[in-house]
>>> print(open('query.cif').read())   # mmCIF, N, CA and C atoms
data_protein
#
loop_
_atom_site.label_atom_id
_atom_site.label_comp_id
_atom_site.auth_asym_id
_atom_site.auth_seq_id
_atom_site.Cartn_x
_atom_site.Cartn_y
_atom_site.Cartn_z
N MET A 21 -155.39 25.76 88.93
CA MET A 21 -156.12 24.58 88.54
C MET A 21 -155.41 23.94 87.35
N LYS A 22 -155.33 22.62 87.35
CA LYS A 22 -154.72 21.89 86.25
C LYS A 22 -155.80 21.08 85.54
N VAL A 23 -155.82 21.18 84.21
CA VAL A 23 -156.82 20.47 83.41
C VAL A 23 -156.09 19.57 82.42
N LYS A 24 -156.45 18.29 82.39
CA LYS A 24 -155.87 17.33 81.46
C LYS A 24 -156.98 16.81 80.56
N PRO A 25 -156.95 17.14 79.26
CA PRO A 25 -157.98 16.65 78.35
C PRO A 25 -157.90 15.13 78.17
N LEU A 26 -159.02 14.51 77.87
CA LEU A 26 -159.08 13.07 77.67
C LEU A 26 -159.32 12.74 76.20
N GLY A 27 -158.96 11.54 75.80
CA GLY A 27 -159.21 11.06 74.44
C GLY A 27 -158.53 11.90 73.39
N ASP A 28 -159.30 12.30 72.37
CA ASP A 28 -158.74 13.07 71.25
C ASP A 28 -158.98 14.57 71.42
N ARG A 29 -159.04 15.03 72.66
CA ARG A 29 -159.29 16.44 72.92
C ARG A 29 -158.00 17.19 73.22
N ILE A 30 -158.05 18.50 72.99
CA ILE A 30 -156.89 19.37 73.15
C ILE A 30 -157.30 20.59 73.96
N LEU A 31 -156.44 21.01 74.88
CA LEU A 31 -156.66 22.23 75.65
C LEU A 31 -155.89 23.35 74.96
N ILE A 32 -156.60 24.42 74.57
CA ILE A 32 -156.00 25.54 73.84
C ILE A 32 -156.18 26.82 74.65
N LYS A 33 -155.12 27.58 74.78
CA LYS A 33 -155.20 28.91 75.39
C LYS A 33 -155.56 29.88 74.27
N ILE A 34 -156.69 30.55 74.41
CA ILE A 34 -157.18 31.45 73.37
C ILE A 34 -156.32 32.70 73.32
N GLN A 35 -155.92 33.08 72.11
CA GLN A 35 -155.14 34.30 71.93
C GLN A 35 -156.06 35.51 71.97
N GLU A 36 -155.59 36.56 72.58
CA GLU A 36 -156.35 37.81 72.64
C GLU A 36 -156.38 38.47 71.27
N GLY A 37 -157.51 39.08 70.93
CA GLY A 37 -157.64 39.80 69.67
C GLY A 37 -156.92 41.14 69.75
N GLU A 38 -156.67 41.72 68.60
CA GLU A 38 -156.02 43.03 68.54
C GLU A 38 -156.96 44.09 69.09
N SER A 39 -156.43 44.97 69.93
CA SER A 39 -157.25 46.03 70.51
C SER A 39 -157.05 47.36 69.80
N LYS A 40 -156.14 47.39 68.81
CA LYS A 40 -155.90 48.60 68.02
C LYS A 40 -155.87 48.25 66.55
N THR A 41 -156.30 49.18 65.72
CA THR A 41 -156.18 49.00 64.28
C THR A 41 -154.78 49.39 63.86
N ALA A 42 -154.44 49.14 62.60
CA ALA A 42 -153.12 49.51 62.09
C ALA A 42 -152.92 51.03 62.16
N GLY A 43 -153.99 51.80 62.10
CA GLY A 43 -153.90 53.25 62.18
C GLY A 43 -153.86 53.80 63.60
N GLY A 44 -153.98 52.90 64.61
CA GLY A 44 -153.88 53.32 65.99
C GLY A 44 -155.20 53.57 66.69
N ILE A 45 -156.31 53.28 66.02
CA ILE A 45 -157.62 53.46 66.64
C ILE A 45 -157.87 52.32 67.60
N ILE A 46 -158.30 52.63 68.83
CA ILE A 46 -158.56 51.60 69.84
C ILE A 46 -159.95 51.03 69.62
N ILE A 47 -160.03 49.70 69.55
CA ILE A 47 -161.30 49.00 69.36
C ILE A 47 -161.81 48.55 70.73
N PRO A 48 -163.03 48.96 71.12
CA PRO A 48 -163.55 48.51 72.42
C PRO A 48 -163.75 47.00 72.43
N GLN A 49 -163.64 46.39 73.60
CA GLN A 49 -163.71 44.94 73.72
C GLN A 49 -165.05 44.40 73.21
N THR A 50 -166.13 45.15 73.37
CA THR A 50 -167.44 44.69 72.91
C THR A 50 -167.53 44.62 71.39
N ALA A 51 -166.67 45.35 70.68
CA ALA A 51 -166.69 45.35 69.22
C ALA A 51 -165.65 44.43 68.62
N GLN A 52 -164.77 43.88 69.45
CA GLN A 52 -163.73 43.00 68.93
C GLN A 52 -164.30 41.64 68.57
N GLU A 53 -163.84 41.12 67.44
CA GLU A 53 -164.26 39.78 67.04
C GLU A 53 -163.34 38.78 67.71
N LYS A 54 -163.91 37.67 68.18
CA LYS A 54 -163.10 36.66 68.85
C LYS A 54 -162.14 36.02 67.85
N THR A 55 -160.92 35.82 68.32
CA THR A 55 -159.92 35.17 67.48
C THR A 55 -160.18 33.67 67.42
N GLN A 56 -159.69 33.03 66.38
CA GLN A 56 -159.82 31.59 66.24
C GLN A 56 -158.44 30.94 66.29
N ASN A 57 -157.50 31.63 66.93
CA ASN A 57 -156.14 31.12 67.07
C ASN A 57 -155.84 30.92 68.53
N GLY A 58 -154.94 29.98 68.80
CA GLY A 58 -154.53 29.75 70.16
C GLY A 58 -153.29 28.89 70.23
N VAL A 59 -152.83 28.65 71.45
CA VAL A 59 -151.65 27.85 71.69
C VAL A 59 -152.07 26.58 72.42
N VAL A 60 -151.57 25.43 71.95
CA VAL A 60 -151.88 24.16 72.58
C VAL A 60 -151.19 24.10 73.94
N ILE A 61 -151.97 23.90 74.99
CA ILE A 61 -151.44 23.82 76.35
C ILE A 61 -151.28 22.37 76.77
N ALA A 62 -152.24 21.50 76.41
CA ALA A 62 -152.17 20.09 76.77
C ALA A 62 -152.93 19.28 75.72
N VAL A 63 -152.50 18.04 75.53
CA VAL A 63 -153.17 17.14 74.59
C VAL A 63 -153.73 15.95 75.35
N GLY A 64 -154.76 15.34 74.77
CA GLY A 64 -155.44 14.22 75.40
C GLY A 64 -154.62 12.94 75.40
N THR A 65 -155.25 11.88 75.85
CA THR A 65 -154.58 10.61 76.04
C THR A 65 -154.45 9.79 74.76
N ASP A 66 -155.18 10.14 73.71
CA ASP A 66 -155.16 9.40 72.45
C ASP A 66 -154.07 9.96 71.54
N LYS A 67 -152.83 9.70 71.87
CA LYS A 67 -151.67 10.28 71.16
C LYS A 67 -151.56 9.81 69.71
N ASP A 68 -152.17 8.67 69.36
CA ASP A 68 -152.10 8.17 67.98
C ASP A 68 -152.91 9.02 67.02
N VAL A 69 -153.99 9.62 67.52
CA VAL A 69 -154.88 10.43 66.68
C VAL A 69 -154.41 11.88 66.61
N ILE A 70 -153.92 12.40 67.71
CA ILE A 70 -153.57 13.82 67.82
C ILE A 70 -152.22 14.09 67.16
N LYS A 71 -152.20 15.03 66.22
CA LYS A 71 -150.98 15.32 65.45
C LYS A 71 -150.37 16.67 65.82
N VAL A 72 -150.75 17.25 66.94
CA VAL A 72 -150.15 18.49 67.42
C VAL A 72 -149.51 18.22 68.77
N LYS A 73 -148.64 19.14 69.20
CA LYS A 73 -147.98 18.98 70.49
C LYS A 73 -148.11 20.27 71.28
N GLU A 74 -147.79 20.19 72.55
CA GLU A 74 -147.85 21.36 73.41
C GLU A 74 -146.95 22.45 72.85
N GLY A 75 -147.45 23.68 72.86
CA GLY A 75 -146.69 24.82 72.35
C GLY A 75 -146.99 25.18 70.90
N ASP A 76 -147.66 24.28 70.15
CA ASP A 76 -148.02 24.59 68.76
C ASP A 76 -149.08 25.68 68.73
N LYS A 77 -148.94 26.60 67.78
CA LYS A 77 -149.96 27.62 67.56
C LYS A 77 -150.92 27.07 66.51
N VAL A 78 -152.21 27.05 66.82
CA VAL A 78 -153.19 26.43 65.94
C VAL A 78 -154.36 27.36 65.64
N MET A 79 -155.04 27.04 64.55
CA MET A 79 -156.29 27.71 64.18
C MET A 79 -157.39 26.66 64.33
N TYR A 80 -158.50 27.03 64.97
CA TYR A 80 -159.57 26.08 65.23
C TYR A 80 -160.89 26.60 64.68
N ASP A 81 -161.85 25.69 64.55
CA ASP A 81 -163.18 26.01 64.04
C ASP A 81 -163.85 27.03 64.96
N LYS A 82 -164.56 27.97 64.37
CA LYS A 82 -165.16 29.09 65.10
C LYS A 82 -166.13 28.65 66.19
N TYR A 83 -166.89 27.61 65.96
CA TYR A 83 -167.93 27.20 66.91
C TYR A 83 -167.55 25.92 67.67
N ALA A 84 -166.27 25.63 67.75
CA ALA A 84 -165.81 24.37 68.35
C ALA A 84 -165.62 24.48 69.86
N GLY A 85 -165.78 23.36 70.50
CA GLY A 85 -165.33 23.19 71.87
C GLY A 85 -166.14 23.81 72.97
N ALA A 86 -165.57 23.65 74.17
CA ALA A 86 -166.16 24.18 75.39
C ALA A 86 -165.19 25.18 75.99
N GLN A 87 -165.67 26.40 76.22
CA GLN A 87 -164.81 27.45 76.76
C GLN A 87 -164.79 27.37 78.28
N ILE A 88 -163.58 27.45 78.86
CA ILE A 88 -163.43 27.44 80.31
C ILE A 88 -162.41 28.50 80.71
N LYS A 89 -162.44 28.90 81.98
CA LYS A 89 -161.44 29.82 82.51
C LYS A 89 -160.55 29.04 83.46
N ILE A 90 -159.24 29.16 83.26
CA ILE A 90 -158.26 28.55 84.15
C ILE A 90 -157.40 29.67 84.70
N ASP A 91 -157.46 29.87 86.00
CA ASP A 91 -156.73 30.95 86.66
C ASP A 91 -157.02 32.31 86.01
N GLY A 92 -158.29 32.53 85.62
CA GLY A 92 -158.71 33.80 85.05
C GLY A 92 -158.40 34.00 83.58
N VAL A 93 -157.85 32.98 82.91
CA VAL A 93 -157.48 33.07 81.50
C VAL A 93 -158.40 32.16 80.69
N ASP A 94 -158.90 32.67 79.54
CA ASP A 94 -159.80 31.89 78.68
C ASP A 94 -159.06 30.77 77.98
N HIS A 95 -159.63 29.57 78.06
CA HIS A 95 -159.12 28.38 77.38
C HIS A 95 -160.29 27.70 76.67
N LEU A 96 -159.97 26.79 75.79
CA LEU A 96 -160.96 26.06 75.02
C LEU A 96 -160.55 24.60 74.98
N ILE A 97 -161.50 23.69 75.20
CA ILE A 97 -161.24 22.26 75.02
C ILE A 97 -161.95 21.86 73.73
N VAL A 98 -161.18 21.39 72.74
CA VAL A 98 -161.74 21.02 71.44
C VAL A 98 -161.31 19.61 71.07
N LYS A 99 -162.08 18.98 70.19
CA LYS A 99 -161.66 17.71 69.61
C LYS A 99 -160.60 18.00 68.56
N PHE A 100 -159.70 17.05 68.35
CA PHE A 100 -158.63 17.26 67.38
C PHE A 100 -159.20 17.55 65.99
N ALA A 101 -160.34 16.97 65.66
CA ALA A 101 -160.96 17.20 64.34
C ALA A 101 -161.34 18.65 64.13
N ASP A 102 -161.50 19.42 65.21
CA ASP A 102 -161.86 20.83 65.09
C ASP A 102 -160.65 21.75 64.88
N VAL A 103 -159.46 21.19 64.93
CA VAL A 103 -158.25 21.97 64.65
C VAL A 103 -158.09 22.01 63.14
N LEU A 104 -158.04 23.23 62.59
CA LEU A 104 -157.99 23.39 61.14
C LEU A 104 -156.57 23.44 60.59
N ALA A 105 -155.65 24.03 61.36
CA ALA A 105 -154.28 24.19 60.84
C ALA A 105 -153.32 24.49 61.97
N VAL A 106 -152.06 24.18 61.73
CA VAL A 106 -150.97 24.59 62.61
C VAL A 106 -150.34 25.82 61.98
N ILE A 107 -150.17 26.88 62.75
CA ILE A 107 -149.59 28.13 62.25
C ILE A 107 -148.11 28.14 62.56
N GLU A 108 -147.30 28.30 61.53
CA GLU A 108 -145.84 28.31 61.70
C GLU A 108 -145.28 29.70 61.59
#
>>> encode(input="query.cif", output="structure tokens")
Amino acid sequence: MKVKPLGDRILIKIQEGESKTAGGIIIPQTAQEKTQNGVVIAVGTDKDVIKVKEGDKVMYDKYAGAQIKIDGVDHLIVKFADVLAVIE
């Protein structure tokens, strides 16, 4: 399935959280906290407002957007205003 965001929205592939601690203890999925980082997969049609590009790693607001599954992988559609930072 192909999804193209509209306006000032961005499609982000959610990064998986760490499943092990630094000491090697495995954290069950039910106890893992959701990450707020992801990779920009597609940007909307309002290119003048959006200051990120495909492939950028970004940090987004914890309660932002609509979560969807594309080919079994978690993605998020957020407004550009909900992107907090670009991670370099």
>>> resolve_selection(input="query.cif", expression="the PyMOL selection byres ((chain A and resi 64-81) around 5)", output="list in words")
Pro25, Leu26, Gly27, Asp28, Arg29, Ile30, Gln56, Asn57, Gly58, Val59, Val60, Ile61, Ala62, Val63, Lys82, Tyr83, Ala84, Asp102, Val103, Leu104, Ala105, Val106 and Ile107 of chain A
>>> write_last_selection(input="query.cif", atoms="N, CA and C atoms", output="mmCIF file, in the coordinates of the input")
data_model
loop_
_atom_site.group_PDB
_atom_site.id
_atom_site.type_symbol
_atom_site.label_atom_id
_atom_site.label_comp_id
_atom_site.auth_asym_id
_atom_site.auth_seq_id
_atom_site.Cartn_x
_atom_site.Cartn_y
_atom_site.Cartn_z
ATOM 1 N N PRO A 25 -156.950 17.140 79.260
ATOM 2 C CA PRO A 25 -157.980 16.650 78.350
ATOM 3 C C PRO A 25 -157.900 15.130 78.170
ATOM 4 N N LEU A 26 -159.020 14.510 77.870
ATOM 5 C CA LEU A 26 -159.080 13.070 77.670
ATOM 6 C C LEU A 26 -159.320 12.740 76.200
ATOM 7 N N GLY A 27 -158.960 11.540 75.800
ATOM 8 C CA GLY A 27 -159.210 11.060 74.440
ATOM 9 C C GLY A 27 -158.530 11.900 73.390
ATOM 10 N N ASP A 28 -159.300 12.300 72.370
ATOM 11 C CA ASP A 28 -158.740 13.070 71.250
ATOM 12 C C ASP A 28 -158.980 14.570 71.420
ATOM 13 N N ARG A 29 -159.040 15.030 72.660
ATOM 14 C CA ARG A 29 -159.290 16.440 72.920
ATOM 15 C C ARG A 29 -158.000 17.190 73.220
ATOM 16 N N ILE A 30 -158.050 18.500 72.990
ATOM 17 C CA ILE A 30 -156.890 19.370 73.150
ATOM 18 C C ILE A 30 -157.300 20.590 73.960
ATOM 19 N N GLN A 56 -159.690 33.030 66.380
ATOM 20 C CA GLN A 56 -159.820 31.590 66.240
ATOM 21 C C GLN A 56 -158.440 30.940 66.290
ATOM 22 N N ASN A 57 -157.500 31.630 66.930
ATOM 23 C CA ASN A 57 -156.140 31.120 67.070
ATOM 24 C C ASN A 57 -155.840 30.920 68.530
ATOM 25 N N GLY A 58 -154.940 29.980 68.800
ATOM 26 C CA GLY A 58 -154.530 29.750 70.160
ATOM 27 C C GLY A 58 -153.290 28.890 70.230
ATOM 28 N N VAL A 59 -152.830 28.650 71.450
ATOM 29 C CA VAL A 59 -151.650 27.850 71.690
ATOM 30 C C VAL A 59 -152.070 26.580 72.420
ATOM 31 N N VAL A 60 -151.570 25.430 71.950
ATOM 32 C CA VAL A 60 -151.880 24.160 72.580
ATOM 33 C C VAL A 60 -151.190 24.100 73.940
ATOM 34 N N ILE A 61 -151.970 23.900 74.990
ATOM 35 C CA ILE A 61 -151.440 23.820 76.350
ATOM 36 C C ILE A 61 -151.280 22.370 76.770
ATOM 37 N N ALA A 62 -152.240 21.500 76.410
ATOM 38 C CA ALA A 62 -152.170 20.090 76.770
ATOM 39 C C ALA A 62 -152.930 19.280 75.720
ATOM 40 N N VAL A 63 -152.500 18.040 75.530
ATOM 41 C CA VAL A 63 -153.170 17.140 74.590
ATOM 42 C C VAL A 63 -153.730 15.950 75.350
ATOM 43 N N LYS A 82 -164.560 27.970 64.370
ATOM 44 C CA LYS A 82 -165.160 29.090 65.100
ATOM 45 C C LYS A 82 -166.130 28.650 66.190
ATOM 46 N N TYR A 83 -166.890 27.610 65.960
ATOM 47 C CA TYR A 83 -167.930 27.200 66.910
ATOM 48 C C TYR A 83 -167.550 25.920 67.670
ATOM 49 N N ALA A 84 -166.270 25.630 67.750
ATOM 50 C CA ALA A 84 -165.810 24.370 68.350
ATOM 51 C C ALA A 84 -165.620 24.480 69.860
ATOM 52 N N ASP A 102 -161.500 19.420 65.210
ATOM 53 C CA ASP A 102 -161.860 20.830 65.090
ATOM 54 C C ASP A 102 -160.650 21.750 64.880
ATOM 55 N N VAL A 103 -159.460 21.190 64.930
ATOM 56 C CA VAL A 103 -158.250 21.970 64.650
ATOM 57 C C VAL A 103 -158.090 22.010 63.140
ATOM 58 N N LEU A 104 -158.040 23.230 62.590
ATOM 59 C CA LEU A 104 -157.990 23.390 61.140
ATOM 60 C C LEU A 104 -156.570 23.440 60.590
ATOM 61 N N ALA A 105 -155.650 24.030 61.360
ATOM 62 C CA ALA A 105 -154.280 24.190 60.840
ATOM 63 C C ALA A 105 -153.320 24.490 61.970
ATOM 64 N N VAL A 106 -152.060 24.180 61.730
ATOM 65 C CA VAL A 106 -150.970 24.590 62.610
ATOM 66 C C VAL A 106 -150.340 25.820 61.980
ATOM 67 N N ILE A 107 -150.170 26.880 62.750
ATOM 68 C CA ILE A 107 -149.590 28.130 62.250
ATOM 69 C C ILE A 107 -148.110 28.140 62.560
#
>>> atom_distance(input="query.cif", atom1="atom N of Leu96 (chain A)", atom2="CA of Lys24 (chain A)")
11.8 Å
>>> atom_distance(input="query.cif", atom1="atom C of Ala101 (chain A)", atom2="atom N of Ile32 (chain A)")
12.8 Å
>>> select_by_dssp(input="query.cif", residues="chain A", states="helix (DSSP H, G or I)", output="tab-separated table (two decimals) with N, CA and C atoms, in the coordinates of the input")
chain	number	residue	atom	x	y	z
A	49	GLN	N	-163.64	46.39	73.60
A	49	GLN	CA	-163.71	44.94	73.72
A	49	GLN	C	-165.05	44.40	73.21
A	50	THR	N	-166.13	45.15	73.37
A	50	THR	CA	-167.44	44.69	72.91
A	50	THR	C	-167.53	44.62	71.39
A	51	ALA	N	-166.67	45.35	70.68
A	51	ALA	CA	-166.69	45.35	69.22
A	51	ALA	C	-165.65	44.43	68.62
A	100	PHE	N	-159.70	17.05	68.35
A	100	PHE	CA	-158.63	17.26	67.38
A	100	PHE	C	-159.20	17.55	65.99
A	101	ALA	N	-160.34	16.97	65.66
A	101	ALA	CA	-160.96	17.20	64.34
A	101	ALA	C	-161.34	18.65	64.13
A	102	ASP	N	-161.50	19.42	65.21
A	102	ASP	CA	-161.86	20.83	65.09
A	102	ASP	C	-160.65	21.75	64.88
>>> atom_distance(input="query.cif", atom1="CA of Phe100 (chain A)", atom2="atom C of Glu36 (chain A)")
21.7 Å
>>> select_by_dssp(input="query.cif", residues="chain A", states="strand (DSSP E)", output="short mmCIF file (atom, residue, chain, number, x, y, z; two decimals) with N, CA and C atoms, keeping the file's coordinate frame")
data_model
loop_
_atom_site.label_atom_id
_atom_site.label_comp_id
_atom_site.auth_asym_id
_atom_site.auth_seq_id
_atom_site.Cartn_x
_atom_site.Cartn_y
_atom_site.Cartn_z
N ARG A 29 -159.04 15.03 72.66
CA ARG A 29 -159.29 16.44 72.92
C ARG A 29 -158.00 17.19 73.22
N ILE A 30 -158.05 18.50 72.99
CA ILE A 30 -156.89 19.37 73.15
C ILE A 30 -157.30 20.59 73.96
N LEU A 31 -156.44 21.01 74.88
CA LEU A 31 -156.66 22.23 75.65
C LEU A 31 -155.89 23.35 74.96
N ILE A 32 -156.60 24.42 74.57
CA ILE A 32 -156.00 25.54 73.84
C ILE A 32 -156.18 26.82 74.65
N LYS A 33 -155.12 27.58 74.78
CA LYS A 33 -155.20 28.91 75.39
C LYS A 33 -155.56 29.88 74.27
N ILE A 34 -156.69 30.55 74.41
CA ILE A 34 -157.18 31.45 73.37
C ILE A 34 -156.32 32.70 73.32
N ASN A 57 -157.50 31.63 66.93
CA ASN A 57 -156.14 31.12 67.07
C ASN A 57 -155.84 30.92 68.53
N GLY A 58 -154.94 29.98 68.80
CA GLY A 58 -154.53 29.75 70.16
C GLY A 58 -153.29 28.89 70.23
N VAL A 59 -152.83 28.65 71.45
CA VAL A 59 -151.65 27.85 71.69
C VAL A 59 -152.07 26.58 72.42
N VAL A 60 -151.57 25.43 71.95
CA VAL A 60 -151.88 24.16 72.58
C VAL A 60 -151.19 24.10 73.94
N ILE A 61 -151.97 23.90 74.99
CA ILE A 61 -151.44 23.82 76.35
C ILE A 61 -151.28 22.37 76.77
N ALA A 62 -152.24 21.50 76.41
CA ALA A 62 -152.17 20.09 76.77
C ALA A 62 -152.93 19.28 75.72
N VAL A 63 -152.50 18.04 75.53
CA VAL A 63 -153.17 17.14 74.59
C VAL A 63 -153.73 15.95 75.35
N LYS A 77 -148.94 26.60 67.78
CA LYS A 77 -149.96 27.62 67.56
C LYS A 77 -150.92 27.07 66.51
N VAL A 78 -152.21 27.05 66.82
CA VAL A 78 -153.19 26.43 65.94
C VAL A 78 -154.36 27.36 65.64
N MET A 79 -155.04 27.04 64.55
CA MET A 79 -156.29 27.71 64.18
C MET A 79 -157.39 26.66 64.33
N TYR A 80 -158.50 27.03 64.97
CA TYR A 80 -159.57 26.08 65.23
C TYR A 80 -160.89 26.60 64.68
N ALA A 86 -165.57 23.65 74.17
CA ALA A 86 -166.16 24.18 75.39
C ALA A 86 -165.19 25.18 75.99
N GLN A 87 -165.67 26.40 76.22
CA GLN A 87 -164.81 27.45 76.76
C GLN A 87 -164.79 27.37 78.28
N ILE A 88 -163.58 27.45 78.86
CA ILE A 88 -163.43 27.44 80.31
C ILE A 88 -162.41 28.50 80.71
N LYS A 89 -162.44 28.90 81.98
CA LYS A 89 -161.44 29.82 82.51
C LYS A 89 -160.55 29.04 83.46
N ILE A 90 -159.24 29.16 83.26
CA ILE A 90 -158.26 28.55 84.15
C ILE A 90 -157.40 29.67 84.70
N VAL A 93 -157.85 32.98 82.91
CA VAL A 93 -157.48 33.07 81.50
C VAL A 93 -158.40 32.16 80.69
N ASP A 94 -158.90 32.67 79.54
CA ASP A 94 -159.80 31.89 78.68
C ASP A 94 -159.06 30.77 77.98
N HIS A 95 -159.63 29.57 78.06
CA HIS A 95 -159.12 28.38 77.38
C HIS A 95 -160.29 27.70 76.67
N LEU A 96 -159.97 26.79 75.79
CA LEU A 96 -160.96 26.06 75.02
C LEU A 96 -160.55 24.60 74.98
N ILE A 97 -161.50 23.69 75.20
CA ILE A 97 -161.24 22.26 75.02
C ILE A 97 -161.95 21.86 73.73
N VAL A 98 -161.18 21.39 72.74
CA VAL A 98 -161.74 21.02 71.44
C VAL A 98 -161.31 19.61 71.07
N LYS A 99 -162.08 18.98 70.19
CA LYS A 99 -161.66 17.71 69.61
C LYS A 99 -160.60 18.00 68.56
N VAL A 103 -159.46 21.19 64.93
CA VAL A 103 -158.25 21.97 64.65
C VAL A 103 -158.09 22.01 63.14
N LEU A 104 -158.04 23.23 62.59
CA LEU A 104 -157.99 23.39 61.14
C LEU A 104 -156.57 23.44 60.59
N ALA A 105 -155.65 24.03 61.36
CA ALA A 105 -154.28 24.19 60.84
C ALA A 105 -153.32 24.49 61.97
N VAL A 106 -152.06 24.18 61.73
CA VAL A 106 -150.97 24.59 62.61
C VAL A 106 -150.34 25.82 61.98
N ILE A 107 -150.17 26.88 62.75
CA ILE A 107 -149.59 28.13 62.25
C ILE A 107 -148.11 28.14 62.56
#
